[in-house]
Amino acid sequence: MEGEGGLNSGIRMLRAMRVIEAVGDASIPVSISQLAQRVEIPKATLARLVANLVASGYLSFIPGQRVLVPGPRSVRAALRTLGNGYFRRECRTVLREVVNKLGETCNLVAMDGDCVLYIERVETGAPLRMHLEPGARAPLHCTAGGKLLLSHMETAERTRLVGMLRLERMTLHSIVTPRELTLELERIKAQGWGEDNEEFVAGMVGVAVPVLPPDRAEAVAALVCHAATARASLRELSGNMPTLKLAAKRLSSILMPPA
């Protein structure tokens, strides 16, 4: 009986982790019904689990609504993980090797609500570069990594998020309507990599490849390479896909090591 109790406790813990991860993966708040479809846990069981996670601070309901977002304890854990010295050193090592080979700035980015978050970054030593610190945020709709991560979302969730985004015109090339952005995201999804053709900053282009978990097709992060148009065109930059995809696989093993 004691063994069965330990087994049941382990199952409950794994279920709780799946729920926390599913809410964290969602780019917009999710209801319990939507969550039940993602984690395949019976709704009654899930409701009890969610109540415990909310009470302990791992999940939170948006005030006045029955939709869930990560709670303060989950956010603190995520920030501690991203700030972990070993984690950042390993990611920076991969990025530095790519920068040394390609000669252009590389970033590791992830989606953070309605923005793209720069987790780690190694800059080129060449002039004409865009300076951003890890922790900086940029719009989703006009960056290579942001558009790539949007393209990997489930269609219904992506449609809701695109309808909520503030599609600000950053340059003459920025996409500023939901319809145009949706068409662009479908093109990027089919293409397999993201691009920024002077859409965020005039005179800068970028390409992005997905960092994929071993068992899922939805990207958890993106590896992005930027260049000034004075040094490389978008077409020239996209010729580095083999190098970038290999580095993305290495980053995946750091972010999500095999069990």
# chains A, B, ... in the order shown; residues from 1 in each chain; ligands from 1
>>> residues_around(residues="A:Val54", least_positions_apart="4", cutoff="12 Å", atoms="only C-alpha atoms", output="ChimeraX atom specification")
/A:16,19-20,23,46-50,58-62,66-74
>>> select_by_dssp(residues="stretch 5-211 of chain A", states="helix (DSSP H, G or I)", output="count of residues only")
103
>>> select_by_dssp(residues="stretch 11-233 of chain A", states="strand (DSSP E)", output="PyMOL selection string")
chain A and resi 59-61+68-70+106-112+115-122+137-139+194-197+204-211+221-228
>>> closest_residue(among="A:Ser238, A:His141, A:Arg158, A:Met164", to="A:Leu181", atoms="only C-alpha atoms")
A:His141
>>> closest_residue(among="A:Lys101, A:Val176, A:Asp114, A:Leu246", to="A:Arg160", atoms="only C-alpha atoms")
A:Asp114
>>> atom_distance(atom1="atom CA of A:Arg187", atom2="atom CA of A:Pro29")
26.3 Å
>>> residues_around(residues="A:Glu218", least_positions_apart="2", cutoff="10 Å", atoms="only C-alpha atoms", output="list in words")
Asp25, Leu149, Leu150, Ser151, His152, Met153, Glu154, Pro210, Val211, Leu212, Pro213, Asp215, Arg216, Val220 and Ala221 of chain A
>>> write_last_selection(atoms="C-alpha atoms", output="mmCIF file, in the first residue's frame")
data_model
loop_
_atom_site.group_PDB
_atom_site.id
_atom_site.type_symbol
_atom_site.label_atom_id
_atom_site.label_comp_id
_atom_site.auth_asym_id
_atom_site.auth_seq_id
_atom_site.Cartn_x
_atom_site.Cartn_y
_atom_site.Cartn_z
ATOM 1 C CA ASP A 25 3.400 27.590 -22.988
ATOM 2 C CA LEU A 149 7.343 31.642 -32.774
ATOM 3 C CA LEU A 150 3.912 32.938 -33.802
ATOM 4 C CA SER A 151 3.932 30.639 -36.836
ATOM 5 C CA HIS A 152 4.480 27.611 -34.582
ATOM 6 C CA MET A 153 1.418 28.286 -32.440
ATOM 7 C CA GLU A 154 -1.844 26.374 -32.758
ATOM 8 C CA PRO A 210 13.182 27.048 -34.164
ATOM 9 C CA VAL A 211 14.537 25.457 -31.014
ATOM 10 C CA LEU A 212 12.305 22.388 -30.792
ATOM 11 C CA PRO A 213 11.628 19.978 -27.934
ATOM 12 C CA ASP A 215 8.750 15.313 -28.739
ATOM 13 C CA ARG A 216 6.907 18.365 -30.065
ATOM 14 C CA VAL A 220 9.910 26.791 -27.278
ATOM 15 C CA ALA A 221 12.546 29.302 -28.393
#
>>> closest_residue(among="A:Ser253, A:Val201, A:Gln65, A:Cys225", to="A:Leu95", atoms="only C-alpha atoms")
A:Cys225
>>> decode(residues="stretch 132-206 of chain A", atoms="C-alpha atoms", output="PDB file, in the first residue's frame")
ATOM      1  CA  LEU A 132      20.262  44.855 -27.120  1.00  0.00           C
ATOM      2  CA  GLU A 133      20.829  43.379 -23.667  1.00  0.00           C
ATOM      3  CA  PRO A 134      19.533  39.974 -22.491  1.00  0.00           C
ATOM      4  CA  GLY A 135      16.154  40.658 -20.916  1.00  0.00           C
ATOM      5  CA  ALA A 136      15.190  43.192 -23.575  1.00  0.00           C
ATOM      6  CA  ARG A 137      11.873  42.775 -25.378  1.00  0.00           C
ATOM      7  CA  ALA A 138      10.808  43.452 -28.953  1.00  0.00           C
ATOM      8  CA  PRO A 139       7.539  43.210 -30.918  1.00  0.00           C
ATOM      9  CA  LEU A 140       6.443  39.844 -32.259  1.00  0.00           C
ATOM     10  CA  HIS A 141       5.039  41.037 -35.583  1.00  0.00           C
ATOM     11  CA  CYS A 142       8.196  42.570 -37.044  1.00  0.00           C
ATOM     12  CA  THR A 143      11.058  40.392 -35.774  1.00  0.00           C
ATOM     13  CA  ALA A 144      12.380  37.162 -37.257  1.00  0.00           C
ATOM     14  CA  GLY A 145      12.145  35.261 -33.982  1.00  0.00           C
ATOM     15  CA  GLY A 146       8.764  36.714 -33.074  1.00  0.00           C
ATOM     16  CA  LYS A 147       7.165  35.784 -36.382  1.00  0.00           C
ATOM     17  CA  LEU A 148       8.698  32.302 -36.276  1.00  0.00           C
ATOM     18  CA  LEU A 149       7.343  31.642 -32.774  1.00  0.00           C
ATOM     19  CA  LEU A 150       3.912  32.938 -33.802  1.00  0.00           C
ATOM     20  CA  SER A 151       3.932  30.639 -36.836  1.00  0.00           C
ATOM     21  CA  HIS A 152       4.480  27.611 -34.582  1.00  0.00           C
ATOM     22  CA  MET A 153       1.418  28.286 -32.440  1.00  0.00           C
ATOM     23  CA  GLU A 154      -1.844  26.374 -32.758  1.00  0.00           C
ATOM     24  CA  THR A 155      -4.019  28.130 -35.338  1.00  0.00           C
ATOM     25  CA  ALA A 156      -6.879  29.129 -33.016  1.00  0.00           C
ATOM     26  CA  GLU A 157      -4.542  30.452 -30.322  1.00  0.00           C
ATOM     27  CA  ARG A 158      -2.447  32.298 -32.883  1.00  0.00           C
ATOM     28  CA  THR A 159      -5.534  33.917 -34.399  1.00  0.00           C
ATOM     29  CA  ARG A 160      -6.616  35.200 -30.984  1.00  0.00           C
ATOM     30  CA  LEU A 161      -3.163  36.575 -30.227  1.00  0.00           C
ATOM     31  CA  VAL A 162      -2.734  38.249 -33.628  1.00  0.00           C
ATOM     32  CA  GLY A 163      -6.091  39.972 -33.078  1.00  0.00           C
ATOM     33  CA  MET A 164      -4.805  41.361 -29.758  1.00  0.00           C
ATOM     34  CA  LEU A 165      -1.382  42.557 -30.935  1.00  0.00           C
ATOM     35  CA  ARG A 166      -0.582  46.203 -31.410  1.00  0.00           C
ATOM     36  CA  LEU A 167       0.785  46.111 -34.952  1.00  0.00           C
ATOM     37  CA  GLU A 168       2.908  49.238 -34.804  1.00  0.00           C
ATOM     38  CA  ARG A 169       4.730  50.381 -37.932  1.00  0.00           C
ATOM     39  CA  MET A 170       8.408  50.296 -36.948  1.00  0.00           C
ATOM     40  CA  THR A 171       9.732  50.823 -40.500  1.00  0.00           C
ATOM     41  CA  LEU A 172       8.305  51.156 -44.001  1.00  0.00           C
ATOM     42  CA  HIS A 173       8.473  47.354 -44.300  1.00  0.00           C
ATOM     43  CA  SER A 174       6.535  46.488 -41.117  1.00  0.00           C
ATOM     44  CA  ILE A 175       3.363  44.422 -41.441  1.00  0.00           C
ATOM     45  CA  VAL A 176       0.546  46.339 -39.758  1.00  0.00           C
ATOM     46  CA  THR A 177      -2.700  44.452 -40.469  1.00  0.00           C
ATOM     47  CA  PRO A 178      -3.846  41.129 -38.952  1.00  0.00           C
ATOM     48  CA  ARG A 179      -4.693  39.705 -42.382  1.00  0.00           C
ATOM     49  CA  GLU A 180      -1.246  40.447 -43.845  1.00  0.00           C
ATOM     50  CA  LEU A 181       0.450  39.120 -40.720  1.00  0.00           C
ATOM     51  CA  THR A 182      -1.590  35.902 -40.834  1.00  0.00           C
ATOM     52  CA  LEU A 183      -0.587  35.321 -44.457  1.00  0.00           C
ATOM     53  CA  GLU A 184       3.051  35.994 -43.571  1.00  0.00           C
ATOM     54  CA  LEU A 185       2.917  33.530 -40.689  1.00  0.00           C
ATOM     55  CA  GLU A 186       1.498  30.818 -42.928  1.00  0.00           C
ATOM     56  CA  ARG A 187       4.321  31.437 -45.399  1.00  0.00           C
ATOM     57  CA  ILE A 188       6.926  31.254 -42.630  1.00  0.00           C
ATOM     58  CA  LYS A 189       5.391  28.059 -41.248  1.00  0.00           C
ATOM     59  CA  ALA A 190       5.695  26.413 -44.669  1.00  0.00           C
ATOM     60  CA  GLN A 191       9.187  27.826 -45.169  1.00  0.00           C
ATOM     61  CA  GLY A 192      10.422  26.526 -41.821  1.00  0.00           C
ATOM     62  CA  TRP A 193      12.339  29.616 -40.730  1.00  0.00           C
ATOM     63  CA  GLY A 194      11.524  33.222 -39.814  1.00  0.00           C
ATOM     64  CA  GLU A 195      12.777  36.409 -41.402  1.00  0.00           C
ATOM     65  CA  ASP A 196      12.945  40.136 -40.712  1.00  0.00           C
ATOM     66  CA  ASN A 197      13.434  42.114 -43.915  1.00  0.00           C
ATOM     67  CA  GLU A 198      14.168  45.532 -42.366  1.00  0.00           C
ATOM     68  CA  GLU A 199      10.824  45.342 -40.556  1.00  0.00           C
ATOM     69  CA  PHE A 200      12.039  46.142 -37.025  1.00  0.00           C
ATOM     70  CA  VAL A 201      15.011  48.409 -37.729  1.00  0.00           C
ATOM     71  CA  ALA A 202      15.802  49.970 -41.102  1.00  0.00           C
ATOM     72  CA  GLY A 203      19.096  48.648 -42.448  1.00  0.00           C
ATOM     73  CA  MET A 204      18.959  45.417 -40.402  1.00  0.00           C
ATOM     74  CA  VAL A 205      17.832  41.957 -41.561  1.00  0.00           C
ATOM     75  CA  GLY A 206      17.459  38.747 -39.595  1.00  0.00           C
TER      76      GLY A 206
END
